[in-house]
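As stored in my_file03.cif (mmCIF, C-alpha atoms and all ligand atoms):
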```cif
data_final
loop_
_atom_site.label_atom_id
_atom_site.label_comp_id
_atom_site.auth_asym_id
_atom_site.auth_seq_id
_atom_site.Cartn_x
_atom_site.Cartn_y
_atom_site.Cartn_z
CA MET A 1164 116.95 72.59 98.13
CA ASN A 1165 117.47 75.14 95.39
CA ARG A 1166 114.50 77.28 94.57
CA ILE A 1167 113.66 77.91 90.98
CA VAL A 1168 113.36 81.66 90.70
CA GLY A 1169 111.29 83.19 87.95
CA CYS A 1170 112.93 85.46 85.40
CA VAL A 1171 111.33 88.11 83.27
CA SER A 1172 111.83 87.31 79.62
CA LEU A 1173 111.06 90.70 78.18
CA ALA A 1174 112.83 90.44 74.84
CA THR A 1175 116.22 92.13 74.86
CA ILE A 1176 116.05 93.70 78.30
CA ALA A 1177 115.75 90.32 79.97
CA ALA A 1178 118.19 89.59 82.69
CA CYS A 1179 118.01 86.92 85.27
CA SER A 1180 119.97 85.57 88.14
CA ALA A 1181 118.86 83.11 90.73
CA PRO A 1182 119.62 84.27 94.26
CA PRO A 1183 120.70 81.30 96.35
CA GLN A 1184 118.47 81.90 99.34
CA GLU A 1185 114.82 82.46 99.91
CA ARG A 1186 114.06 86.18 99.84
CA ALA A 1187 111.67 88.27 101.93
CA HIS A 1188 108.99 88.32 99.23
CA ASP A 1189 109.06 84.64 98.29
CA ARG A 1190 106.16 83.70 100.53
CA LEU A 1191 103.76 86.46 99.52
CA SER A 1192 100.41 85.55 98.08
CA PRO A 1193 99.78 86.93 94.58
CA ASP A 1194 97.19 89.47 95.68
CA GLU A 1195 99.06 90.79 98.70
CA ILE A 1196 99.89 94.52 98.49
CA VAL A 1197 103.43 95.18 99.69
CA SER A 1198 105.84 98.06 99.69
CA GLY A 1199 108.84 98.24 97.36
CA SER A 1200 111.14 98.01 100.38
CA VAL A 1201 110.26 94.32 100.72
CA PHE A 1202 112.17 93.65 97.50
CA LEU A 1203 115.38 95.39 98.56
CA THR A 1204 118.46 93.96 100.21
CA ALA A 1205 118.58 93.86 104.00
CA GLU A 1206 121.25 96.61 103.91
CA THR A 1207 119.07 99.06 101.98
CA ARG A 1208 116.09 98.27 104.20
CA ALA A 1209 118.21 98.94 107.28
CA LEU A 1210 119.39 102.27 105.84
CA GLN A 1211 115.76 103.32 105.31
CA ALA A 1212 114.77 102.27 108.82
CA ASP A 1213 117.50 104.29 110.56
CA ASP A 1214 116.42 107.93 110.72
CA PHE A 1215 119.99 109.05 111.45
CA ALA A 1216 121.60 107.17 108.57
CA ASN A 1217 118.75 107.57 106.05
CA PRO A 1218 119.98 110.36 103.73
CA GLY A 1219 116.38 111.32 102.91
CA PHE A 1220 116.17 113.03 106.28
CA LEU A 1221 118.54 115.76 105.06
CA TRP A 1222 115.67 116.86 102.80
CA VAL A 1223 113.05 116.43 105.54
CA ASP A 1224 115.12 118.67 107.83
CA ARG A 1225 115.62 121.29 105.13
CA GLY A 1226 111.88 121.16 104.44
CA GLU A 1227 111.14 121.82 108.08
CA ALA A 1228 113.38 124.91 108.00
CA LEU A 1229 111.79 126.19 104.77
CA PHE A 1230 108.33 125.68 106.25
CA SER A 1231 109.02 128.37 108.86
CA GLU A 1232 110.83 130.77 106.53
CA ALA A 1233 108.63 133.63 105.27
CA PRO A 1234 109.15 134.67 101.65
CA GLN A 1235 109.37 138.44 101.11
CA THR A 1236 105.89 138.43 99.62
CA GLY A 1237 103.86 136.79 102.39
CA PRO A 1238 103.61 134.73 105.58
CA ALA A 1239 105.54 131.51 106.23
CA CYS A 1240 103.80 128.18 105.73
CA VAL A 1241 103.94 127.59 109.46
CA SER A 1242 101.92 130.70 110.27
CA CYS A 1243 98.86 129.10 108.64
CA HIS A 1244 99.76 125.47 109.30
CA ALA A 1245 100.98 125.71 112.90
CA ASP A 1246 99.58 122.28 113.74
CA GLY A 1247 101.53 120.68 110.88
CA LEU A 1248 100.09 118.51 108.16
CA ALA A 1249 99.95 115.06 109.74
CA GLY A 1250 98.21 112.47 107.59
CA VAL A 1251 97.61 114.88 104.72
CA ALA A 1252 100.05 113.36 102.20
CA ALA A 1253 98.36 109.95 102.59
CA THR A 1254 95.25 111.46 101.00
CA TYR A 1255 97.01 112.97 97.95
CA PRO A 1256 96.66 113.41 95.00
CA ALA A 1257 93.33 115.06 95.73
CA TYR A 1258 90.76 117.08 93.82
CA ASP A 1259 90.97 120.86 94.29
CA SER A 1260 87.80 122.77 93.48
CA ASP A 1261 89.64 126.12 93.13
CA THR A 1262 91.56 124.95 90.09
CA ASP A 1263 89.18 122.14 89.13
CA THR A 1264 92.16 119.80 88.87
CA VAL A 1265 93.67 116.96 90.84
CA LEU A 1266 96.76 118.19 92.70
CA ASN A 1267 99.61 116.17 94.13
CA ILE A 1268 101.52 117.48 97.15
CA GLU A 1269 103.98 119.34 94.92
CA GLY A 1270 101.08 121.05 93.15
CA ARG A 1271 99.37 121.87 96.43
CA ILE A 1272 102.53 123.48 97.80
CA ASN A 1273 102.83 125.66 94.70
CA GLN A 1274 99.14 126.46 94.94
CA CYS A 1275 99.64 127.70 98.51
CA ARG A 1276 102.65 129.73 97.42
CA ALA A 1277 100.63 131.45 94.72
CA LYS A 1278 97.36 131.86 96.59
CA HIS A 1279 98.53 132.46 100.16
CA GLN A 1280 102.09 133.75 99.87
CA GLY A 1281 102.08 135.72 96.61
CA ALA A 1282 105.22 133.78 95.76
CA SER A 1283 106.37 132.14 92.54
CA SER A 1284 106.13 128.42 91.86
CA LEU A 1285 109.01 126.24 92.96
CA ASP A 1286 110.49 124.21 90.12
CA TYR A 1287 109.74 120.52 90.07
CA GLU A 1288 112.76 118.58 91.35
CA SER A 1289 114.31 121.71 92.85
CA ASP A 1290 115.87 121.17 96.23
CA GLU A 1291 113.24 123.42 97.84
CA LEU A 1292 110.23 121.62 96.42
CA LEU A 1293 111.70 118.19 97.15
CA SER A 1294 112.47 119.28 100.71
CA LEU A 1295 109.01 120.68 101.43
CA THR A 1296 107.38 117.64 99.84
CA ALA A 1297 109.57 115.27 101.85
CA TYR A 1298 108.84 117.18 105.06
CA ILE A 1299 105.08 116.97 104.46
CA ALA A 1300 105.15 113.34 103.25
CA ASN A 1301 107.17 112.33 106.30
CA GLN A 1302 104.40 113.69 108.54
CA SER A 1303 102.23 110.90 107.08
CA ARG A 1304 104.79 108.17 107.66
CA GLY A 1305 102.88 105.11 108.89
CA ALA A 1306 99.50 106.46 107.78
CA PRO A 1307 97.59 104.24 105.32
CA VAL A 1308 97.38 105.54 101.76
CA SER A 1309 93.76 106.52 101.19
CA VAL A 1310 92.78 108.69 98.23
CA ASP A 1311 89.37 109.78 97.01
CA THR A 1312 88.71 108.70 93.44
CA SER A 1313 85.03 109.56 93.40
CA GLY A 1314 83.24 112.52 91.83
CA SER A 1315 85.46 114.93 89.94
CA ALA A 1316 88.56 112.76 90.52
CA ARG A 1317 87.03 109.75 88.80
CA ALA A 1318 87.90 110.63 85.22
CA VAL A 1319 91.48 111.43 86.25
CA TYR A 1320 91.75 108.07 88.00
CA GLU A 1321 90.50 106.29 84.87
CA GLU A 1322 93.04 108.17 82.77
CA GLY A 1323 95.83 107.02 85.12
CA ALA A 1324 94.58 103.44 84.99
CA ARG A 1325 94.64 103.58 81.21
CA TYR A 1326 98.22 104.84 81.16
CA PHE A 1327 99.20 102.01 83.52
CA ARG A 1328 97.78 99.34 81.23
CA THR A 1329 98.99 100.77 77.91
CA ARG A 1330 102.05 99.25 76.24
CA ARG A 1331 104.64 101.82 75.20
CA GLY A 1332 108.16 102.44 74.00
CA GLN A 1333 110.46 100.42 71.79
CA PHE A 1334 110.01 97.49 74.17
CA ASN A 1335 106.25 97.76 73.93
CA LEU A 1336 105.67 97.13 77.63
CA SER A 1337 103.06 98.46 80.04
CA CYS A 1338 103.54 99.35 83.70
CA GLN A 1339 101.12 96.54 84.44
CA GLN A 1340 103.26 93.88 82.75
CA CYS A 1341 106.21 94.67 84.98
CA HIS A 1342 104.55 95.69 88.24
CA THR A 1343 101.36 93.60 88.38
CA GLU A 1344 102.15 90.54 86.30
CA ASN A 1345 105.85 90.07 87.06
CA TRP A 1346 106.65 91.48 90.49
CA GLY A 1347 109.05 89.36 92.50
CA LYS A 1348 111.01 88.43 89.41
CA ARG A 1349 114.49 89.68 88.54
CA LEU A 1350 115.05 92.35 85.92
CA ARG A 1351 118.52 93.75 85.36
CA GLY A 1352 119.95 94.33 88.83
CA ASP A 1353 116.54 94.76 90.44
CA THR A 1354 113.79 92.62 91.80
CA LEU A 1355 110.59 94.02 90.33
CA SER A 1356 108.35 95.49 93.01
CA GLN A 1357 104.64 96.12 92.70
CA GLY A 1358 105.39 99.70 91.67
CA HIS A 1359 103.81 101.62 94.54
CA GLY A 1360 104.46 105.31 95.19
CA ASN A 1361 104.24 105.19 99.00
CA GLY A 1362 107.98 105.72 99.51
CA PHE A 1363 108.25 108.96 97.50
CA PRO A 1364 109.89 111.38 97.53
CA ALA A 1365 112.62 108.78 98.02
CA TYR A 1366 116.39 108.73 98.18
CA ARG A 1367 117.71 106.59 95.36
CA LEU A 1368 121.27 105.34 95.61
CA GLU A 1369 121.53 105.45 91.82
CA TRP A 1370 120.55 109.14 91.84
CA GLN A 1371 122.69 109.95 94.88
CA SER A 1372 119.80 112.23 95.70
CA MET A 1373 116.23 112.55 96.73
CA GLY A 1374 113.78 112.36 93.84
CA SER A 1375 110.07 112.74 93.26
CA LEU A 1376 107.71 110.01 92.14
CA HIS A 1377 107.64 111.66 88.71
CA ARG A 1378 111.40 111.21 88.41
CA ARG A 1379 110.88 107.49 89.08
CA LEU A 1380 108.06 107.34 86.50
CA ARG A 1381 110.30 109.04 83.95
CA ASP A 1382 113.01 106.43 84.61
CA CYS A 1383 110.45 103.64 84.09
CA ASP A 1384 109.20 105.18 80.84
CA MET A 1385 112.76 105.65 79.60
CA GLY A 1386 113.53 102.06 80.64
CA VAL A 1387 111.19 100.82 77.93
CA ARG A 1388 112.58 103.48 75.54
CA ALA A 1389 109.41 105.55 75.61
CA GLU A 1390 109.40 109.36 75.64
CA PRO A 1391 108.93 110.35 79.31
CA LEU A 1392 106.35 112.99 80.23
CA PRO A 1393 107.50 116.33 81.66
CA TYR A 1394 107.70 116.70 85.45
CA GLY A 1395 104.33 117.61 86.94
CA ASP A 1396 102.47 116.61 83.78
CA PRO A 1397 98.73 116.14 84.48
CA LEU A 1398 98.96 112.64 83.04
CA TYR A 1399 101.67 111.68 85.53
CA ILE A 1400 99.46 113.14 88.28
CA ALA A 1401 96.67 110.89 86.96
CA VAL A 1402 99.05 107.91 87.15
CA GLU A 1403 100.00 109.02 90.66
CA LEU A 1404 96.32 109.00 91.66
CA TYR A 1405 95.82 105.57 90.13
CA LEU A 1406 98.92 104.23 91.90
CA ALA A 1407 97.70 105.59 95.24
CA ALA A 1408 94.27 103.98 94.81
CA ARG A 1409 95.99 100.73 93.83
CA ALA A 1410 98.11 100.97 97.01
CA ASP A 1411 95.08 101.60 99.24
CA GLY A 1412 95.94 100.86 102.87
CA LEU A 1413 99.69 100.60 102.36
CA GLU A 1414 101.64 102.75 104.83
CA VAL A 1415 103.38 105.90 103.66
CA GLU A 1416 107.15 105.35 103.97
CA SER A 1417 108.69 108.58 102.73
CA PRO A 1418 111.59 109.17 102.80
CA ALA A 1419 112.20 105.65 101.52
CA VAL A 1420 115.64 104.50 100.37
CA ARG A 1421 115.78 102.73 97.05
CA ARG A 1422 118.40 101.17 94.84
C1 LIG B 1501 110.38 96.89 82.07
C2 LIG B 1501 109.73 96.86 83.34
C3 LIG B 1501 109.13 98.12 83.91
C4 LIG B 1501 108.10 98.86 83.36
C5 LIG B 1501 107.39 98.64 82.04
C6 LIG B 1501 107.80 99.88 84.33
N1 LIG B 1501 108.62 99.80 85.42
FE1 LIG B 1501 108.42 100.77 87.15
N2 LIG B 1501 110.11 99.90 87.85
C7 LIG B 1501 110.84 98.96 87.19
C8 LIG B 1501 112.01 98.62 87.97
C9 LIG B 1501 113.10 97.62 87.58
C10 LIG B 1501 111.94 99.41 89.13
C11 LIG B 1501 112.92 99.43 90.30
C12 LIG B 1501 112.65 98.21 91.18
C13 LIG B 1501 111.20 98.18 91.62
O1 LIG B 1501 110.83 98.86 92.60
O2 LIG B 1501 110.39 97.52 90.92
C14 LIG B 1501 110.71 100.17 89.05
C15 LIG B 1501 110.23 101.00 90.04
C16 LIG B 1501 109.01 101.62 90.02
C17 LIG B 1501 108.43 102.37 91.11
C18 LIG B 1501 109.07 102.60 92.48
C19 LIG B 1501 108.65 101.54 93.47
C20 LIG B 1501 109.36 101.68 94.78
O3 LIG B 1501 108.81 101.21 95.79
O4 LIG B 1501 110.44 102.27 94.83
C21 LIG B 1501 107.22 102.84 90.71
C22 LIG B 1501 106.26 103.69 91.51
C23 LIG B 1501 107.03 102.38 89.35
N3 LIG B 1501 108.13 101.66 88.98
C24 LIG B 1501 105.94 102.67 88.57
C25 LIG B 1501 105.86 102.39 87.21
C26 LIG B 1501 104.84 102.90 86.33
C27 LIG B 1501 103.69 103.78 86.74
C28 LIG B 1501 105.12 102.41 85.09
C29 LIG B 1501 104.43 102.73 83.78
C30 LIG B 1501 104.48 104.14 83.40
C31 LIG B 1501 106.28 101.57 85.21
N4 LIG B 1501 106.73 101.60 86.50
C32 LIG B 1501 106.81 100.82 84.17
C33 LIG B 1501 110.52 98.37 85.99
C34 LIG B 1501 109.47 98.74 85.18
C1 LIG B 1502 98.04 132.43 104.48
C2 LIG B 1502 97.82 131.07 104.89
C3 LIG B 1502 98.60 129.95 104.20
C4 LIG B 1502 99.95 129.90 103.92
C5 LIG B 1502 101.00 130.95 104.15
C6 LIG B 1502 100.18 128.58 103.39
N1 LIG B 1502 99.03 127.87 103.34
FE1 LIG B 1502 98.83 125.91 102.83
N2 LIG B 1502 96.81 126.07 103.02
C7 LIG B 1502 96.12 127.19 103.43
C8 LIG B 1502 94.70 126.96 103.28
C9 LIG B 1502 93.59 127.95 103.61
C10 LIG B 1502 94.56 125.66 102.77
C11 LIG B 1502 93.25 124.96 102.35
C12 LIG B 1502 93.12 125.00 100.86
C13 LIG B 1502 93.06 126.39 100.29
O1 LIG B 1502 92.12 127.13 100.63
O2 LIG B 1502 93.98 126.77 99.55
C14 LIG B 1502 95.91 125.12 102.64
C15 LIG B 1502 96.20 123.84 102.23
C16 LIG B 1502 97.47 123.27 102.23
C17 LIG B 1502 97.76 121.88 102.03
C18 LIG B 1502 96.73 120.78 101.81
C19 LIG B 1502 96.05 120.45 103.12
C20 LIG B 1502 94.96 119.42 102.98
O3 LIG B 1502 94.42 119.03 104.02
O4 LIG B 1502 94.62 119.03 101.86
C21 LIG B 1502 99.11 121.73 102.09
C22 LIG B 1502 99.89 120.43 101.92
C23 LIG B 1502 99.66 123.04 102.31
N3 LIG B 1502 98.64 123.95 102.41
C24 LIG B 1502 101.01 123.31 102.39
C25 LIG B 1502 101.53 124.60 102.49
C26 LIG B 1502 102.93 124.93 102.38
C27 LIG B 1502 104.06 123.92 102.16
C28 LIG B 1502 103.05 126.28 102.51
C29 LIG B 1502 104.29 127.12 102.38
C30 LIG B 1502 105.00 126.99 101.11
C31 LIG B 1502 101.70 126.78 102.74
N4 LIG B 1502 100.83 125.75 102.71
C32 LIG B 1502 101.41 128.12 102.97
C33 LIG B 1502 96.69 128.34 103.91
C34 LIG B 1502 98.02 128.68 103.82
#
```
Before we go any further, please render this structure as structure tokens.
Amino acid sequence: MNRIVGCVSLATIAACSAPPQERAHDRLSPDEIVSGSVFLTAETRALQADDFANPGFLWVDRGEALFSEAPQTGPACVSCHADGLAGVAATYPAYDSDTDTVLNIEGRINQCRAKHQGASSLDYESDELLSLTAYIANQSRGAPVSVDTSGSARAVYEEGARYFRTRRGQFNLSCQQCHTENWGKRLRGDTLSQGHGNGFPAYRLEWQSMGSLHRRLRDCDMGVRAEPLPYGDPLYIAVELYLAARADGLEVESPAVRR
């Protein structure tokens, strides 16, 4: 029997095709929280699952090397973090009392460079920052996402939630309309996922590269013809915190492979 597959009819960006067979996500209940990998083809899922074939591991390996390399101005990361950082990325973004801000892993790395290494900030989306972030995120692979949104982080969480629900761009669409109300449906060449950040940094075939969560968010904002925020923008960090709270309990998958 042919299944009737839902399509997103989002004005001019609508696109719809009905895959012939039942897909992995067809039997999910509406309130089930699942990773974006569930919505990919079997080939892409297999690429992610194979640590030797998964191109994201090139960045993880480079990150491991950078972690033990001392900059001229101070000690190497490893000299203070000899036991590694297992499970840490699953708890980020997190409030930092030193700066009275919420930091994501990228921000925390740059904070350590400034405070503990006397070194300059690494540029967002530079190979070095992506590599260190991937190396640290990978040490949380399999750990459940669990962020603290209480106390000083609360207002930032609320700000992220607001961004998620606000319609924007020429298409006048919110994150929520695509990723909460229409996941599982087809849009352009993709099946809409629930929009979780647990796979990032991730290797995207379209990018032919590793990319941060903020790069993905910029693509989503540009997809609705809205002005994207700059990399590392506090508002994107707020969205990142909201996404992590929304994905509570989902396992970290970085480095994920995505279409
Ligand atoms: C017009 C629909 C649309 C809107 C609006 C949209 N996205 Fe997306 N988003 C997509 C598509 C398509 C993808 C790629 C396939 C997928 O994972 O859903 C994607 C991917 C993602 C991913 C990566 C998921 C993964 O597992 O790889 C995240 C995170 C995400 N979006 C968050 C957001 C946020 C936050 C917003 C609002 C700022 C937003 N999106 C707005 C369509 C949308
Ligand atoms: C001189 C010691 C020192 C060096 C070098 C150092 N760190 Fe740190 N790091 C710390 C301390 C101490 C903390 C706890 C927060 C603080 O006081 O800044 C920390 C916290 C962190 C955290 C967050 C841990 C958590 O549980 O929240 C991460 C991630 C991290 N460092 C990564 C790095 C990376 C990557 C480098 C190298 C670029 C680095 N650190 C270099 C001392 C160091």
- Tell me which protein, DNA and RNA residues are within 9 Å of Leu1285 (chain A), counting all atoms listed in the file, leaving out same-chain ones fewer than 5 positions away, and put them as a PyMOL selection string. chain A and resi 1269+1272-1273+1276+1291-1292
- Message: I need the residue nearest ligand LIG 1502 (chain B) from this list: A:Arg1388, A:Lys1278, A:Arg1225, A:His1342. Use only C-alpha atoms and all ligand atoms for the distance.
- Response: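 Counting only C-alpha atoms and all ligand atoms, the residue closest to ligand LIG 1502 (chain B) is A:Lys1278.
When all atoms listed in the file are used to measure the gap to ligand LIG 1501 (chain B), the shortest distance among A:Phe1202, A:Gln1211, A:Ile1268, A:Ser1260 belongs to A:Phe1202.
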- Item | Contacts of ligand LIG 1502 (chain B), 8 Å or closer, all atoms listed in the file, given as an MDAnalysis selection string | chainID A and resid 1229:1230 1237:1244 1248 1251:1252 1254:1255 1257 1261 1268 1271:1276 1278:1280 1295:1296 1299
Output the selection as a compact mmCIF listing (two decimals), in the frame of the given file - C-alpha atoms for each residue.
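Below you can see part-v2.txt, which holds the result:
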```
# COMPACT_ATOMS: atom_id res chain seq x y z
CA LEU A 1229 111.79 126.19 104.77
CA PHE A 1230 108.33 125.68 106.25
CA GLY A 1237 103.86 136.79 102.39
CA PRO A 1238 103.61 134.73 105.58
CA ALA A 1239 105.54 131.51 106.23
CA CYS A 1240 103.80 128.18 105.73
CA VAL A 1241 103.94 127.59 109.46
CA SER A 1242 101.92 130.70 110.27
CA CYS A 1243 98.86 129.10 108.64
CA HIS A 1244 99.76 125.47 109.30
CA LEU A 1248 100.09 118.51 108.16
CA VAL A 1251 97.61 114.88 104.72
CA ALA A 1252 100.05 113.36 102.20
CA THR A 1254 95.25 111.46 101.00
CA TYR A 1255 97.01 112.97 97.95
CA ALA A 1257 93.33 115.06 95.73
CA ASP A 1261 89.64 126.12 93.13
CA ILE A 1268 101.52 117.48 97.15
CA ARG A 1271 99.37 121.87 96.43
CA ILE A 1272 102.53 123.48 97.80
CA ASN A 1273 102.83 125.66 94.70
CA GLN A 1274 99.14 126.46 94.94
CA CYS A 1275 99.64 127.70 98.51
CA ARG A 1276 102.65 129.73 97.42
CA LYS A 1278 97.36 131.86 96.59
CA HIS A 1279 98.53 132.46 100.16
CA GLN A 1280 102.09 133.75 99.87
CA LEU A 1295 109.01 120.68 101.43
CA THR A 1296 107.38 117.64 99.84
CA ILE A 1299 105.08 116.97 104.46
```
List every residue of region 1391-1410 of chain A that has an atom at most 12 Å from any atom of region 1350-1364 of chain A, giving for each one its closest atom pair and the distance in Å to one decimal, counting only C-alpha atoms, sorted by chain and then by ascending residue number, as CSV.
```
residue,atom,partner,partner_atom,distance
A:Tyr1399,CA,A:Gly1360,CA,11.9
A:Ile1400,CA,A:Gly1360,CA,11.6
A:Val1402,CA,A:Gly1360,CA,10.0
A:Glu1403,CA,A:Gly1360,CA,7.4
A:Leu1404,CA,A:Gly1360,CA,9.6
A:Tyr1405,CA,A:His1359,CA,9.9
A:Leu1406,CA,A:His1359,CA,6.1
A:Ala1407,CA,A:Gly1360,CA,6.8
A:Ala1408,CA,A:His1359,CA,9.8
A:Arg1409,CA,A:His1359,CA,7.9
A:Ala1410,CA,A:His1359,CA,6.2
```
- Message: Report, in Å to a single decimal, how far apart CA of Asn1301 (chain A) and CA of Asp1213 (chain A) are.
- Response: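 Pair CA of Asp1213 (chain A) / CA of Asn1301 (chain A) returns 13.8 Å.
Counting all atoms listed in the file, the residue from A:Gly1281, A:Pro1193, A:Gly1412, A:Gly1250 that sits nearest to Ala1300 (chain A) is A:Gly1250.
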- Query: Can you list, as a ChimeraX atom specification, every protein, DNA or RNA residue that comes within 10 Å of Asp1214 (chain A) when you count all atoms listed in the file, leaving out same-chain residues fewer than 6 positions away?
  - Reply: /A:1220-1221,1418
- Query: Pick the closest to ligand LIG 1501 (chain B) from A:Cys1338, A:Ala1365, A:Ala1419, A:Leu1413: which is it, counting all atoms listed in the file?
  - Reply: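 Of all the options, A:Cys1338 lies closest to ligand LIG 1501 (chain B).
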What's around Met1385 (chain A) at 12 Å? Count only C-alpha atoms, leave out sequence neighbours fewer than 6 positions away in its own chain, and write the answer as a PDB file with C-alpha atoms, keeping the file's coordinate frame.
```pdb
ATOM      1  CA  ARG A1331     104.640 101.820  75.200  1.00  0.00           C
ATOM      2  CA  GLY A1332     108.160 102.440  74.000  1.00  0.00           C
ATOM      3  CA  GLN A1333     110.460 100.420  71.790  1.00  0.00           C
ATOM      4  CA  PHE A1334     110.010  97.490  74.170  1.00  0.00           C
ATOM      5  CA  ASN A1335     106.250  97.760  73.930  1.00  0.00           C
ATOM      6  CA  LEU A1336     105.670  97.130  77.630  1.00  0.00           C
ATOM      7  CA  CYS A1338     103.540  99.350  83.700  1.00  0.00           C
ATOM      8  CA  ARG A1378     111.400 111.210  88.410  1.00  0.00           C
ATOM      9  CA  ARG A1379     110.880 107.490  89.080  1.00  0.00           C
ATOM     10  CA  PRO A1391     108.930 110.350  79.310  1.00  0.00           C
ATOM     11  CA  LEU A1392     106.350 112.990  80.230  1.00  0.00           C
TER      12      LEU A1392
END
```
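Proximity ranking of A:Asn1267, A:Ser1200, A:Ser1192, A:Thr1236 relative to ligand LIG 1501 (chain B) places A:Ser1200 first, based on only C-alpha atoms and all ligand atoms.
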- Could you please determine the separation between CA of Glu1344 (chain A) and atom O1 of ligand LIG 1501 (chain B) in Å, to one decimal place?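 Interatomic distance here is 13.6 Å.
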